[in-house]
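K.L.:
Contents are mmCIF, C-alpha atoms; file name final.cif:
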data_input
loop_
_atom_site.group_PDB
_atom_site.id
_atom_site.type_symbol
_atom_site.label_atom_id
_atom_site.label_comp_id
_atom_site.auth_asym_id
_atom_site.auth_seq_id
_atom_site.Cartn_x
_atom_site.Cartn_y
_atom_site.Cartn_z
ATOM 1 C CA MET A 1109 169.732 -119.263 -132.352
ATOM 2 C CA ASP A 1110 166.989 -118.629 -134.922
ATOM 3 C CA PHE A 1111 168.232 -115.062 -135.350
ATOM 4 C CA PHE A 1112 171.783 -116.274 -136.030
ATOM 5 C CA THR A 1113 170.554 -118.893 -138.516
ATOM 6 C CA ALA A 1114 168.311 -116.470 -140.381
ATOM 7 C CA ALA A 1115 170.725 -113.514 -140.405
ATOM 8 C CA PRO A 1116 174.272 -114.657 -139.563
ATOM 9 C CA VAL A 1117 175.983 -111.560 -140.962
ATOM 10 C CA THR A 1118 173.725 -109.211 -139.004
ATOM 11 C CA PHE A 1119 174.317 -111.233 -135.823
ATOM 12 C CA SER A 1120 178.096 -111.180 -136.361
ATOM 13 C CA LEU A 1121 178.118 -107.418 -136.953
ATOM 14 C CA LEU A 1122 176.046 -106.816 -133.829
ATOM 15 C CA LEU A 1123 178.445 -108.909 -131.775
ATOM 16 C CA ALA A 1124 181.533 -107.217 -133.234
ATOM 17 C CA ASN A 1125 180.128 -103.739 -132.530
ATOM 18 C CA VAL A 1126 179.183 -104.587 -128.959
ATOM 19 C CA VAL A 1127 182.528 -106.233 -128.135
ATOM 20 C CA ALA A 1128 184.648 -103.478 -129.716
ATOM 21 C CA SER A 1129 182.564 -100.729 -128.122
ATOM 22 C CA MET A 1130 182.736 -102.333 -124.682
ATOM 23 C CA ILE A 1131 186.521 -102.454 -124.956
ATOM 24 C CA GLY A 1132 186.511 -98.802 -125.991
ATOM 25 C CA PHE A 1133 184.327 -97.782 -123.039
ATOM 26 C CA SER A 1134 187.071 -98.902 -120.672
ATOM 27 C CA SER A 1135 190.137 -97.973 -122.738
ATOM 28 C CA ALA A 1136 190.799 -94.456 -124.017
ATOM 29 C CA GLU A 1137 193.947 -95.779 -125.708
ATOM 30 C CA PHE A 1138 191.903 -98.263 -127.730
ATOM 31 C CA ILE A 1139 189.699 -95.387 -128.905
ATOM 32 C CA ASN A 1140 192.760 -93.279 -129.765
ATOM 33 C CA GLN A 1141 194.247 -96.090 -131.841
ATOM 34 C CA ASN A 1142 191.081 -96.818 -133.810
ATOM 35 C CA SER A 1143 188.992 -93.641 -134.068
ATOM 36 C CA LEU A 1144 188.581 -91.684 -137.282
ATOM 37 C CA TRP A 1145 191.339 -89.219 -136.373
ATOM 38 C CA ILE A 1146 192.313 -86.988 -139.278
ATOM 39 C CA ARG A 1147 195.906 -86.249 -138.254
ATOM 40 C CA PRO A 1148 197.277 -89.840 -138.193
ATOM 41 C CA ILE A 1149 195.250 -90.698 -141.275
ATOM 42 C CA ARG A 1150 196.762 -87.815 -143.244
ATOM 43 C CA GLU A 1151 200.270 -87.814 -141.777
ATOM 44 C CA GLN A 1152 200.880 -91.507 -141.041
ATOM 45 C CA ASN A 1153 198.574 -93.195 -143.564
ATOM 46 C CA GLN A 1154 196.635 -94.980 -140.831
ATOM 47 C CA TRP A 1155 193.763 -95.783 -143.170
ATOM 48 C CA HIS A 1156 192.594 -98.687 -141.033
ATOM 49 C CA ARG A 1157 190.826 -96.047 -138.941
ATOM 50 C CA ALA A 1158 188.242 -95.609 -141.717
ATOM 51 C CA LEU A 1159 187.066 -99.143 -140.908
ATOM 52 C CA THR A 1160 187.795 -99.643 -137.201
ATOM 53 C CA SER A 1161 186.112 -96.397 -136.150
ATOM 54 C CA GLY A 1162 182.830 -97.853 -137.403
ATOM 55 C CA PHE A 1163 182.805 -100.464 -134.629
ATOM 56 C CA LEU A 1164 183.269 -98.026 -131.724
ATOM 57 C CA HIS A 1165 180.711 -95.853 -129.958
ATOM 58 C CA VAL A 1166 180.742 -92.880 -127.620
ATOM 59 C CA ASN A 1167 178.497 -94.391 -124.946
ATOM 60 C CA GLY A 1168 175.823 -96.982 -124.306
ATOM 61 C CA ALA A 1169 173.016 -94.871 -125.750
ATOM 62 C CA HIS A 1170 174.954 -94.295 -128.989
ATOM 63 C CA LEU A 1171 175.644 -98.019 -129.278
ATOM 64 C CA PHE A 1172 172.041 -98.961 -128.455
ATOM 65 C CA VAL A 1173 170.484 -96.715 -131.115
ATOM 66 C CA ASN A 1174 172.802 -97.943 -133.870
ATOM 67 C CA MET A 1175 172.487 -101.601 -132.914
ATOM 68 C CA LEU A 1176 168.710 -101.389 -132.581
ATOM 69 C CA THR A 1177 168.562 -100.054 -136.130
ATOM 70 C CA LEU A 1178 170.886 -102.833 -137.316
ATOM 71 C CA TYR A 1179 168.758 -105.414 -135.488
ATOM 72 C CA TYR A 1180 165.578 -104.312 -137.280
ATOM 73 C CA PHE A 1181 166.953 -103.429 -140.718
ATOM 74 C CA GLY A 1182 169.719 -106.032 -141.043
ATOM 75 C CA PRO A 1183 167.680 -109.259 -141.376
ATOM 76 C CA PRO A 1184 165.310 -108.105 -144.163
ATOM 77 C CA LEU A 1185 168.211 -106.598 -146.106
ATOM 78 C CA GLU A 1186 170.340 -109.698 -145.606
ATOM 79 C CA ALA A 1187 167.432 -111.764 -146.947
ATOM 80 C CA GLU A 1188 167.035 -109.370 -149.868
ATOM 81 C CA PHE A 1189 170.704 -109.179 -150.909
ATOM 82 C CA GLY A 1190 172.059 -112.467 -149.570
ATOM 83 C CA SER A 1191 175.000 -112.631 -147.178
ATOM 84 C CA THR A 1192 177.618 -111.458 -149.687
ATOM 85 C CA GLY A 1193 175.503 -108.594 -150.990
ATOM 86 C CA PHE A 1194 174.668 -107.488 -147.476
ATOM 87 C CA ILE A 1195 178.343 -107.466 -146.502
ATOM 88 C CA ILE A 1196 179.076 -105.293 -149.547
ATOM 89 C CA LEU A 1197 176.246 -102.935 -148.613
ATOM 90 C CA TYR A 1198 177.261 -102.650 -144.948
ATOM 91 C CA PHE A 1199 181.000 -102.170 -145.368
ATOM 92 C CA GLY A 1200 180.606 -100.079 -148.514
ATOM 93 C CA SER A 1201 178.319 -97.705 -146.613
ATOM 94 C CA LEU A 1202 180.671 -97.657 -143.611
ATOM 95 C CA LEU A 1203 183.637 -96.730 -145.793
ATOM 96 C CA GLY A 1204 181.537 -94.239 -147.749
ATOM 97 C CA GLY A 1205 180.687 -92.468 -144.512
ATOM 98 C CA SER A 1206 184.317 -92.457 -143.406
ATOM 99 C CA ALA A 1207 185.431 -91.130 -146.792
ATOM 100 C CA TRP A 1208 182.950 -88.262 -146.500
ATOM 101 C CA GLU A 1209 184.320 -87.339 -143.080
ATOM 102 C CA ILE A 1210 187.953 -87.555 -144.198
ATOM 103 C CA VAL A 1211 187.292 -85.211 -147.128
ATOM 104 C CA ASP A 1212 184.912 -82.888 -145.274
ATOM 105 C CA LYS A 1213 187.125 -82.579 -142.180
ATOM 106 C CA GLY A 1214 190.459 -82.786 -143.997
ATOM 107 C CA SER A 1215 191.473 -79.290 -142.882
ATOM 108 C CA GLN A 1216 190.825 -80.144 -139.215
ATOM 109 C CA PRO A 1217 193.733 -82.435 -138.200
ATOM 110 C CA ASP A 1218 192.468 -82.872 -134.639
ATOM 111 C CA TYR A 1219 188.981 -83.924 -135.698
ATOM 112 C CA ARG A 1220 188.013 -87.361 -134.367
ATOM 113 C CA ALA A 1221 184.848 -89.419 -134.698
ATOM 114 C CA ILE A 1222 183.549 -92.905 -133.974
ATOM 115 C CA GLY A 1223 180.352 -94.830 -134.630
ATOM 116 C CA ALA A 1224 178.608 -97.150 -137.075
ATOM 117 C CA SER A 1225 176.803 -94.094 -138.450
ATOM 118 C CA GLY A 1226 177.885 -94.507 -142.068
ATOM 119 C CA ALA A 1227 176.954 -98.175 -142.234
ATOM 120 C CA ILE A 1228 173.618 -97.717 -140.456
ATOM 121 C CA SER A 1229 172.698 -94.749 -142.625
ATOM 122 C CA GLY A 1230 173.442 -96.825 -145.717
ATOM 123 C CA LEU A 1231 171.133 -99.577 -144.459
ATOM 124 C CA MET A 1232 168.409 -97.023 -143.803
ATOM 125 C CA SER A 1233 168.759 -95.690 -147.342
ATOM 126 C CA ALA A 1234 168.474 -99.210 -148.717
ATOM 127 C CA VAL A 1235 165.331 -99.875 -146.691
ATOM 128 C CA GLY A 1236 163.864 -96.555 -147.778
ATOM 129 C CA LEU A 1237 164.532 -97.414 -151.415
ATOM 130 C CA LEU A 1238 163.342 -101.025 -151.317
ATOM 131 C CA PHE A 1239 160.517 -100.756 -148.774
ATOM 132 C CA PRO A 1240 159.525 -97.053 -148.819
ATOM 133 C CA PHE A 1241 156.110 -97.552 -147.244
ATOM 134 C CA ALA A 1242 157.091 -100.029 -144.539
ATOM 135 C CA THR A 1243 156.129 -98.663 -141.116
ATOM 136 C CA ILE A 1244 158.794 -97.670 -138.595
ATOM 137 C CA TYR A 1245 157.889 -96.481 -135.109
ATOM 138 C CA LEU A 1246 159.802 -93.444 -133.856
ATOM 139 C CA MET A 1247 160.396 -93.658 -130.114
ATOM 140 C CA PHE A 1248 158.490 -96.972 -130.333
ATOM 141 C CA ALA A 1249 155.241 -95.005 -130.697
ATOM 142 C CA ILE A 1250 155.042 -92.698 -133.733
ATOM 143 C CA PRO A 1251 154.441 -94.502 -137.066
ATOM 144 C CA VAL A 1252 156.338 -93.185 -140.085
ATOM 145 C CA TRP A 1253 157.119 -94.569 -143.547
ATOM 146 C CA ALA A 1254 160.606 -96.014 -143.921
ATOM 147 C CA GLY A 1255 161.386 -93.800 -146.898
ATOM 148 C CA LEU A 1256 160.401 -90.649 -145.018
ATOM 149 C CA TYR A 1257 162.264 -91.797 -141.912
ATOM 150 C CA ALA A 1258 165.458 -92.339 -143.897
ATOM 151 C CA LEU A 1259 165.158 -88.924 -145.540
ATOM 152 C CA LEU A 1260 164.533 -87.096 -142.251
ATOM 153 C CA PHE A 1261 167.381 -88.947 -140.547
ATOM 154 C CA ILE A 1262 169.825 -87.916 -143.271
ATOM 155 C CA VAL A 1263 168.684 -84.265 -143.269
ATOM 156 C CA ILE A 1264 168.916 -83.966 -139.482
ATOM 157 C CA SER A 1265 172.308 -85.656 -139.455
ATOM 158 C CA PHE A 1266 173.587 -83.239 -142.086
ATOM 159 C CA ILE A 1267 172.426 -80.278 -139.979
ATOM 160 C CA TYR A 1268 174.215 -81.649 -136.915
ATOM 161 C CA SER A 1269 177.353 -82.310 -138.969
ATOM 162 C CA ARG A 1270 177.535 -78.597 -139.810
ATOM 163 C CA ARG A 1271 177.424 -77.679 -136.121
ATOM 164 C CA GLY A 1272 180.441 -79.805 -135.227
ATOM 165 C CA GLY A 1273 181.544 -80.869 -131.770
ATOM 166 C CA GLY A 1274 181.541 -84.303 -130.140
ATOM 167 C CA MET A 1275 182.845 -87.607 -131.444
ATOM 168 C CA ILE A 1276 179.647 -88.836 -133.104
ATOM 169 C CA ALA A 1277 180.241 -88.819 -136.866
ATOM 170 C CA HIS A 1278 177.079 -87.053 -137.985
ATOM 171 C CA GLY A 1279 178.668 -86.180 -141.339
ATOM 172 C CA ALA A 1280 179.193 -89.880 -141.996
ATOM 173 C CA HIS A 1281 175.417 -90.300 -142.209
ATOM 174 C CA LEU A 1282 175.349 -88.427 -145.484
ATOM 175 C CA GLY A 1283 178.308 -90.247 -147.030
ATOM 176 C CA GLY A 1284 176.962 -93.597 -145.842
ATOM 177 C CA ALA A 1285 173.483 -92.830 -147.138
ATOM 178 C CA ILE A 1286 174.772 -91.935 -150.590
ATOM 179 C CA ALA A 1287 176.929 -95.060 -150.674
ATOM 180 C CA GLY A 1288 173.954 -97.140 -149.546
ATOM 181 C CA LEU A 1289 171.763 -95.793 -152.337
ATOM 182 C CA VAL A 1290 174.431 -96.332 -154.996
ATOM 183 C CA LEU A 1291 175.232 -99.853 -153.800
ATOM 184 C CA THR A 1292 171.556 -100.797 -153.632
ATOM 185 C CA LEU A 1293 171.089 -99.677 -157.235
ATOM 186 C CA LEU A 1294 174.210 -101.587 -158.306
ATOM 187 C CA LEU A 1295 173.266 -104.757 -156.447
ATOM 188 C CA ARG A 1296 169.600 -104.582 -157.495
ATOM 189 C CA PRO A 1297 169.333 -102.397 -160.617
ATOM 190 C CA GLU A 1298 165.596 -103.023 -160.816
ATOM 191 C CA SER A 1299 165.026 -101.384 -157.428
ATOM 192 C CA PHE A 1300 164.580 -97.851 -158.859
ATOM 193 C CA ASN A 1301 161.776 -98.905 -161.194
ATOM 194 C CA GLU A 1302 160.241 -100.879 -158.331
ATOM 195 C CA LEU A 1303 160.361 -97.741 -156.176
ATOM 196 C CA LEU A 1304 158.559 -95.720 -158.842
ATOM 197 C CA GLN A 1305 155.957 -98.463 -159.175
ATOM 198 C CA GLN A 1306 155.365 -98.532 -155.418
ATOM 199 C CA ILE A 1307 154.922 -94.766 -155.387
ATOM 200 C CA ALA A 1308 152.499 -94.955 -158.320
ATOM 201 C CA ASN A 1309 150.520 -97.719 -156.636
ATOM 202 C CA LYS A 1310 150.369 -95.737 -153.394
ATOM 203 C CA PHE A 1311 149.327 -92.392 -154.825
ATOM 204 C CA GLY A 1312 148.086 -93.251 -158.315
#
Show how you would write the structure in this file as structure tokens.

P.N.:
Amino acid sequence: MDFFTAAPVTFSLLLANVVASMIGFSSAEFINQNSLWIRPIREQNQWHRALTSGFLHVNGAHLFVNMLTLYYFGPPLEAEFGSTGFIILYFGSLLGGSAWEIVDKGSQPDYRAIGASGAISGLMSAVGLLFPFATIYLMFAIPVWAGLYALLFIVISFIYSRRGGGMIAHGAHLGGAIAGLVLTLLLRPESFNELLQQIANKFG
């Protein structure tokens, strides 16, 4: 209950992702109707897929990784931006990731993807910008700065997006990350100068 009170938007997004993904695990038709599928988007203007695909996941591991990241990053960002600002950041990043995929894969009508990748990548970018030297533990054991973690995640995701294959929207990480950075700077214009100051304090 404390988690819901402190971060109601994060809690609601977690719940929505879990419920939608669980439905998708047992219904291929539900996935077909809501995945980021280029053909129906281009030919039938089914633009809702840019949003609904962000609440579906390939399997339990895919869902767990994205929701774990949301669980840790959501509350501090929701506190930083407020509920409305956090909603703008989350959905703006989600749609930014989908837009990247639609443009990048526009010549591949049978390309399909699902996952909260764009939104989560945008949150990671925001954390990296606002709290660059916060400690994140890779695999629950290896400490790494949030800013470095976000950068490595984006680079690796871009590499995987070039390889293709599978339904995980690796390319959406890049679009979501860019959207997350832009939205963070728009919502908190002072954040760039604060980043520079943190870097100067750390290494100066």

K.L.:
Please compute the CA of Gly1162 (chain A)-CA of Arg1296 (chain A) distance, one decimal, in Å.

P.N.:
25.0 Å

K.L.:
Name the residues that the PyMOL selection byres ((chain A and resi 1281-1293) around 8) picks from the file above, as a short mmCIF file (atom, residue, chain, number, x, y, z; two decimals) with C-alpha atoms, keeping the file's coordinate frame, using the file's chain letters and numbers.

P.N.:
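Here's the written file expr21.cif:
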data_model
loop_
_atom_site.label_atom_id
_atom_site.label_comp_id
_atom_site.auth_asym_id
_atom_site.auth_seq_id
_atom_site.Cartn_x
_atom_site.Cartn_y
_atom_site.Cartn_z
CA ILE A 1196 179.08 -105.29 -149.55
CA LEU A 1197 176.25 -102.94 -148.61
CA TYR A 1198 177.26 -102.65 -144.95
CA GLY A 1200 180.61 -100.08 -148.51
CA SER A 1201 178.32 -97.70 -146.61
CA LEU A 1202 180.67 -97.66 -143.61
CA LEU A 1203 183.64 -96.73 -145.79
CA GLY A 1204 181.54 -94.24 -147.75
CA GLY A 1205 180.69 -92.47 -144.51
CA SER A 1206 184.32 -92.46 -143.41
CA ALA A 1207 185.43 -91.13 -146.79
CA TRP A 1208 182.95 -88.26 -146.50
CA GLU A 1209 184.32 -87.34 -143.08
CA SER A 1225 176.80 -94.09 -138.45
CA GLY A 1226 177.88 -94.51 -142.07
CA ALA A 1227 176.95 -98.18 -142.23
CA ILE A 1228 173.62 -97.72 -140.46
CA SER A 1229 172.70 -94.75 -142.62
CA GLY A 1230 173.44 -96.82 -145.72
CA LEU A 1231 171.13 -99.58 -144.46
CA MET A 1232 168.41 -97.02 -143.80
CA SER A 1233 168.76 -95.69 -147.34
CA ALA A 1234 168.47 -99.21 -148.72
CA LEU A 1237 164.53 -97.41 -151.42
CA ILE A 1262 169.82 -87.92 -143.27
CA SER A 1265 172.31 -85.66 -139.46
CA PHE A 1266 173.59 -83.24 -142.09
CA ALA A 1277 180.24 -88.82 -136.87
CA HIS A 1278 177.08 -87.05 -137.99
CA GLY A 1279 178.67 -86.18 -141.34
CA ALA A 1280 179.19 -89.88 -142.00
CA LEU A 1294 174.21 -101.59 -158.31
CA LEU A 1295 173.27 -104.76 -156.45
CA ARG A 1296 169.60 -104.58 -157.50
CA PRO A 1297 169.33 -102.40 -160.62
CA GLU A 1298 165.60 -103.02 -160.82
CA SER A 1299 165.03 -101.38 -157.43
CA PHE A 1300 164.58 -97.85 -158.86
#

K.L.:
Which residue gives the smallest distance to Arg1150 (chain A) among A:Ala1254, A:Val1173, A:Val1263, A:Ile1210, with all atoms listed in the file counted?

P.N.:
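The closest residue to Arg1150 (chain A) is A:Ile1210.
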
K.L.:
Do you have the CA of Ile1139 (chain A)-CA of Asn1167 (chain A) distance handy?

P.N.:
11.9 Å

K.L.:
Under the rule that all atoms listed in the file are counted, which of A:Gly1193, A:Gly1312, A:Gly1168, A:Pro1148 is the nearest residue to Gly1223 (chain A)?

P.N.:
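Smallest separation from Gly1223 (chain A) among the options: A:Gly1168.
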
K.L.:
For the point (161.6, -90.8, -142.7) in file coordinates, what residues are within 10 Å, counting all atoms listed in the file? Give the answer as JSON, numbers by chain?

P.N.:
{"A": [1232, 1233, 1236, 1240, 1241, 1243, 1244, 1246, 1251, 1252, 1253, 1254, 1255, 1256, 1257, 1258, 1259, 1260, 1261, 1262, 1263]}

K.L.:
Ranking A:Leu1123, A:Val1235, A:Phe1248, A:Glu1302 by minimum distance to Leu1171 (chain A) and counting only C-alpha atoms, which one comes first?

P.N.:
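Using only C-alpha atoms, the shortest distance to Leu1171 (chain A) belongs to A:Leu1123.
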
K.L.:
Would you please work out which residue, of A:Met1130, A:Ile1264, A:Ala1114, A:Ile1307, is nearest to Phe1172 (chain A) when using only C-alpha atoms?

P.N.:
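Checking each of A:Met1130, A:Ile1264, A:Ala1114, A:Ile1307 against Phe1172 (chain A), counting only C-alpha atoms, the winner is A:Met1130.
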
K.L.:
Please compute the CA of Ala1169 (chain A)-CA of Arg1147 (chain A) distance, one decimal, in Å.

P.N.:
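Rounded to one decimal, the two atoms are 27.5 Å apart.
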
K.L.:
Might you pull out every residue within 7 Å of Asn1142 (chain A), with all atoms listed in the file counted and same-chain residues fewer than 2 positions away left off, and present them as a short mmCIF file (atom, residue, chain, number, x, y, z; two decimals) with C-alpha atoms, in the coordinates of the input?

P.N.:
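File produced: result.cif:
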data_model
loop_
_atom_site.label_atom_id
_atom_site.label_comp_id
_atom_site.auth_asym_id
_atom_site.auth_seq_id
_atom_site.Cartn_x
_atom_site.Cartn_y
_atom_site.Cartn_z
CA PHE A 1138 191.90 -98.26 -127.73
CA ILE A 1139 189.70 -95.39 -128.90
CA ASN A 1140 192.76 -93.28 -129.76
CA LEU A 1144 188.58 -91.68 -137.28
CA ARG A 1157 190.83 -96.05 -138.94
CA THR A 1160 187.80 -99.64 -137.20
CA SER A 1161 186.11 -96.40 -136.15
#

K.L.:
Evaluate the PyMOL selection byres ((chain A and resi 1220) around 7) on the structure here and hand back the selected residues as a PyMOL selection string.

P.N.:
chain A and resi 1143-1146+1218-1219+1221+1275

K.L.:
Check the smallest atom-to-atom distance from each of A:Ala1158, A:Ala1136, A:Val1166, A:Leu1121 to Val1211 (chain A) using all atoms listed in the file, then report the winner.

P.N.:
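Checking each candidate against Val1211 (chain A), we get A:Ala1158 as the closest.
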
K.L.:
Check the smallest atom-to-atom distance from each of A:Ile1267, A:Phe1239, A:Ala1308, A:Asn1301 to Pro1184 (chain A) using only C-alpha atoms, then report the winner.

P.N.:
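Ranking A:Ile1267, A:Phe1239, A:Ala1308, A:Asn1301 by distance to Pro1184 (chain A), first place goes to A:Phe1239.
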
K.L.:
Could you list, as a ChimeraX atom specification, every residue within 9 Å of Thr1118 (chain A), counting only C-alpha atoms and ignoring same-chain residues fewer than 4 positions away?

P.N.:
/A:1111-1112,1122-1123,1178-1179,1182-1183,1186,1191,1194-1195
